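> The file below is query_24.cif, mmCIF, C-alpha atoms and all ligand atoms:
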data_run
#
loop_
_atom_site.group_PDB
_atom_site.id
_atom_site.type_symbol
_atom_site.label_atom_id
_atom_site.label_comp_id
_atom_site.auth_asym_id
_atom_site.auth_seq_id
_atom_site.Cartn_x
_atom_site.Cartn_y
_atom_site.Cartn_z
ATOM 1 C CA MET A 1 171.113 193.954 141.321
ATOM 2 C CA PRO A 2 169.736 190.428 141.348
ATOM 3 C CA ARG A 3 170.773 187.993 138.726
ATOM 4 C CA ILE A 4 168.097 186.416 136.649
ATOM 5 C CA ALA A 5 168.711 182.701 136.738
ATOM 6 C CA ALA A 6 165.879 181.792 134.484
ATOM 7 C CA SER A 7 166.473 180.702 130.924
ATOM 8 C CA ARG A 8 169.946 179.705 131.869
ATOM 9 C CA ASN A 9 169.115 176.043 131.893
ATOM 10 C CA PRO A 10 169.317 174.506 128.410
ATOM 11 C CA GLU A 11 167.591 171.324 129.560
ATOM 12 C CA LEU A 12 164.660 173.324 130.873
ATOM 13 C CA ASP A 13 164.531 175.285 127.666
ATOM 14 C CA GLU A 14 164.464 172.073 125.686
ATOM 15 C CA LEU A 15 161.784 170.615 127.939
ATOM 16 C CA VAL A 16 159.632 173.709 127.594
ATOM 17 C CA ALA A 17 160.136 173.655 123.850
ATOM 18 C CA THR A 18 159.162 169.979 123.675
ATOM 19 C CA ILE A 19 156.077 170.514 125.814
ATOM 20 C CA GLY A 20 155.118 173.458 123.683
ATOM 21 C CA GLN A 21 155.512 171.378 120.548
ATOM 22 C CA GLN A 22 153.450 168.540 121.948
ATOM 23 C CA LEU A 23 150.785 170.918 123.163
ATOM 24 C CA GLY A 24 150.690 172.490 119.739
ATOM 25 C CA GLN A 25 150.346 169.109 118.053
ATOM 26 C CA ALA A 26 147.621 167.991 120.444
ATOM 27 C CA LEU A 27 145.782 171.253 120.019
ATOM 28 C CA GLY A 28 146.086 171.001 116.258
ATOM 29 C CA GLN A 29 144.804 167.433 116.271
ATOM 30 C CA ALA A 30 141.928 168.384 118.532
ATOM 31 C CA ILE A 31 140.985 171.279 116.294
ATOM 32 C CA ALA A 32 141.273 169.097 113.198
ATOM 33 C CA ALA A 33 139.156 166.361 114.793
ATOM 34 C CA GLY A 34 136.561 168.899 115.830
ATOM 35 C CA LEU A 35 136.468 170.345 112.342
ATOM 36 C CA MET A 36 136.083 166.907 110.793
ATOM 37 C CA GLN A 37 133.278 166.039 113.176
ATOM 38 C CA GLY A 38 131.542 169.293 112.390
ATOM 39 C CA ILE A 39 131.954 168.793 108.650
ATOM 40 C CA GLN A 40 130.746 165.207 108.838
ATOM 41 C CA ALA A 41 127.769 166.176 110.979
ATOM 42 C CA ALA A 42 126.783 168.983 108.649
ATOM 43 C CA GLY A 43 127.416 167.001 105.463
ATOM 44 C CA GLY A 44 125.681 163.913 106.787
ATOM 45 C CA GLY A 45 122.649 165.906 107.775
ATOM 46 C CA VAL A 46 122.393 167.559 104.402
ATOM 47 C CA THR A 47 122.882 164.286 102.546
ATOM 48 C CA ALA A 48 120.318 162.447 104.639
ATOM 49 C CA GLY A 49 117.785 165.221 104.211
ATOM 50 C CA ALA A 50 118.237 165.298 100.474
ATOM 51 C CA ALA A 51 118.146 161.537 100.057
ATOM 52 C CA ARG A 52 115.022 160.971 102.117
ATOM 53 C CA GLY A 53 112.344 161.983 99.659
ATOM 54 C CA PRO A 54 108.704 161.011 99.611
ATOM 55 C CA GLY A 55 109.471 158.346 97.053
ATOM 56 C CA ARG A 56 110.100 158.049 93.373
ATOM 57 C CA PRO A 57 109.596 161.426 91.726
ATOM 58 C CA ALA A 58 106.614 161.715 89.435
ATOM 59 C CA GLY A 59 107.482 161.025 85.830
ATOM 60 C CA THR A 60 110.355 158.640 86.513
ATOM 61 C CA LYS A 61 108.633 155.433 85.654
ATOM 62 C CA ASN A 62 110.371 152.118 85.801
ATOM 63 C CA PRO A 63 111.391 151.293 82.210
ATOM 64 C CA SER A 64 110.675 147.604 82.815
ATOM 65 C CA THR A 65 107.044 148.412 83.626
ATOM 66 C CA LYS A 66 105.502 149.202 80.283
ATOM 67 C CA VAL A 67 102.050 147.857 81.000
ATOM 68 C CA ALA A 68 99.347 150.441 80.964
ATOM 69 C CA CYS A 69 97.183 150.984 84.026
ATOM 70 C CA ILE A 70 94.541 148.270 84.234
ATOM 71 C CA VAL A 71 91.910 150.733 85.362
ATOM 72 C CA PRO A 72 89.512 151.352 82.461
ATOM 73 C CA GLU A 73 89.828 154.672 80.683
ATOM 74 C CA CYS A 74 92.937 155.584 82.631
ATOM 75 C CA GLY A 75 95.615 155.363 79.964
ATOM 76 C CA ARG A 76 98.490 156.215 82.270
ATOM 77 C CA PRO A 77 101.507 153.883 82.348
ATOM 78 C CA GLY A 78 101.403 151.304 85.082
ATOM 79 C CA ALA A 79 103.663 151.844 88.054
ATOM 80 C CA ALA A 80 102.860 149.045 90.480
ATOM 81 C CA LYS A 81 100.458 146.102 90.643
ATOM 82 C CA GLY A 82 99.288 146.971 87.155
ATOM 83 C CA LEU A 83 98.105 150.336 88.345
ATOM 84 C CA CYS A 84 99.384 153.779 87.578
ATOM 85 C CA SER A 85 100.828 155.761 90.406
ATOM 86 C CA PRO A 86 97.661 157.702 91.304
ATOM 87 C CA HIS A 87 95.469 154.624 91.110
ATOM 88 C CA TYR A 88 97.938 152.567 93.087
ATOM 89 C CA GLY A 89 97.935 155.209 95.773
ATOM 90 C CA LYS A 90 94.170 155.243 95.727
ATOM 91 C CA SER A 91 93.992 151.454 96.019
ATOM 92 C CA ARG A 92 96.232 151.670 99.040
ATOM 93 C CA ARG A 93 94.156 154.419 100.619
ATOM 94 C CA LEU A 94 91.061 152.310 100.091
ATOM 95 C CA LYS A 95 92.886 149.275 101.519
ATOM 96 C CA MET A 96 92.206 147.103 98.498
ATOM 97 C CA GLY A 97 95.285 145.008 99.116
ATOM 98 C CA GLY A 98 97.930 144.142 96.558
ATOM 99 C CA GLY A 99 95.555 142.721 93.961
ATOM 100 C CA PRO A 100 94.513 141.025 91.801
ATOM 101 C CA PHE A 101 91.768 143.581 91.634
ATOM 102 C CA THR A 102 88.185 142.682 90.982
ATOM 103 C CA PRO A 103 86.208 144.520 88.291
ATOM 104 C CA ALA A 104 84.267 146.210 91.077
ATOM 105 C CA GLN A 105 87.474 147.460 92.611
ATOM 106 C CA LEU A 106 88.706 148.664 89.234
ATOM 107 C CA LYS A 107 85.416 150.485 88.771
ATOM 108 C CA THR A 108 85.894 152.124 92.147
ATOM 109 C CA LEU A 109 89.395 153.119 91.172
ATOM 110 C CA ALA A 110 88.203 154.450 87.837
ATOM 111 C CA ALA A 111 85.583 156.618 89.476
ATOM 112 C CA ASP A 112 86.536 160.065 90.591
ATOM 113 C CA GLY A 113 87.105 159.337 94.244
ATOM 114 C CA ARG A 114 87.635 162.902 95.372
ATOM 115 C CA ALA A 115 84.280 162.908 97.106
ATOM 116 C CA ALA A 116 84.679 159.459 98.623
ATOM 117 C CA ALA A 117 88.295 159.726 99.728
ATOM 118 C CA GLY A 118 88.296 163.441 100.345
ATOM 119 C CA LYS A 119 88.171 163.256 104.098
ATOM 120 C CA ASN A 120 91.658 164.669 104.360
ATOM 121 C CA GLY A 121 90.816 168.279 103.859
ATOM 122 C CA ALA A 122 93.279 171.127 103.987
HETATM 123 ZN ZN ZN B 1 95.419 154.499 86.432
#
The structure in this file should be written as structure tokens.
Ligand SMILES: [Zn+2]

Amino acid sequence: MPRIAASRNPELDELVATIGQQLGQALGQAIAAGLMQGIQAAGGGVTAGAARGPGRPAGTKNPSTKVACIVPECGRPGAAKGLCSPHYGKSRRLKMGGGPFTPAQLKTLAADGRAAAGKNGA
């Protein structure tokens, strides 16, 4: 009947226990770090996606810009360069520059430009 000599060494037991503890701590830290990275990656992606919109939402006009659109018979509140948002976008599409706009340009902006600028079909 052979004697089992294992687990008779208190130093070895202590060493194994210490290694086990350290392994457990390292494993826990690794798991925690991985979780944090995953959470940050997911959260960052969501935040970036939500924050990157096409621009200022329609209807949220700058309160400091109370000048009406300079395009005749428009009547919408000015958003930029004295133009309302749609007319400003149109002026940019037509590459009119940042103003000041000539009466001819304002007339072009005032006209229904769907036919002229409607080259971007569905
Ligand atoms: Zn306008």
> So which residues are near ligand ZN 1 (chain B), meaning at most 9 Å away with all atoms listed in the file counted, given back as a PyMOL selection string?
chain A and resi 68-79+82-88+109-110
> Please indicate the distance in Å from atom CA of Ala104 of chain A to atom CA of Ser91 of chain A, rounded to one decimal place.
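Separation between atom CA of Ala104 of chain A and atom CA of Ser91 of chain A: 12.1 Å.
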> In Å to one decimal, how far is atom CA of Gly28 of chain A from atom CA of Glu11 of chain A?
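Straight-line distance from atom CA of Glu11 of chain A to atom CA of Gly28 of chain A works out to 25.3 Å.
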> Work out how far atom CA of Asn9 of chain A is from atom CA of Gln21 of chain A, in Å to one decimal.
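Pair atom CA of Gln21 of chain A / atom CA of Asn9 of chain A returns 18.3 Å.
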> Taking all atoms of segment 63-82 of chain A that the file lists and extending 4 Å past them on each side, where is the centre of the axis-aligned box and how long are its edges? Answer in Å to one decimal, as lines of an AutoDock Vina configuration file.

center_x = 100.5
center_y = 151.2
center_z = 85.3
size_x = 29.9
size_y = 18.1
size_z = 18.7
> Which residue out of A:Val67, A:Pro103, A:Glu14, A:Ala111 has the minimum interatomic distance to Lys90 of chain A when only C-alpha atoms are used?
A:Ala111
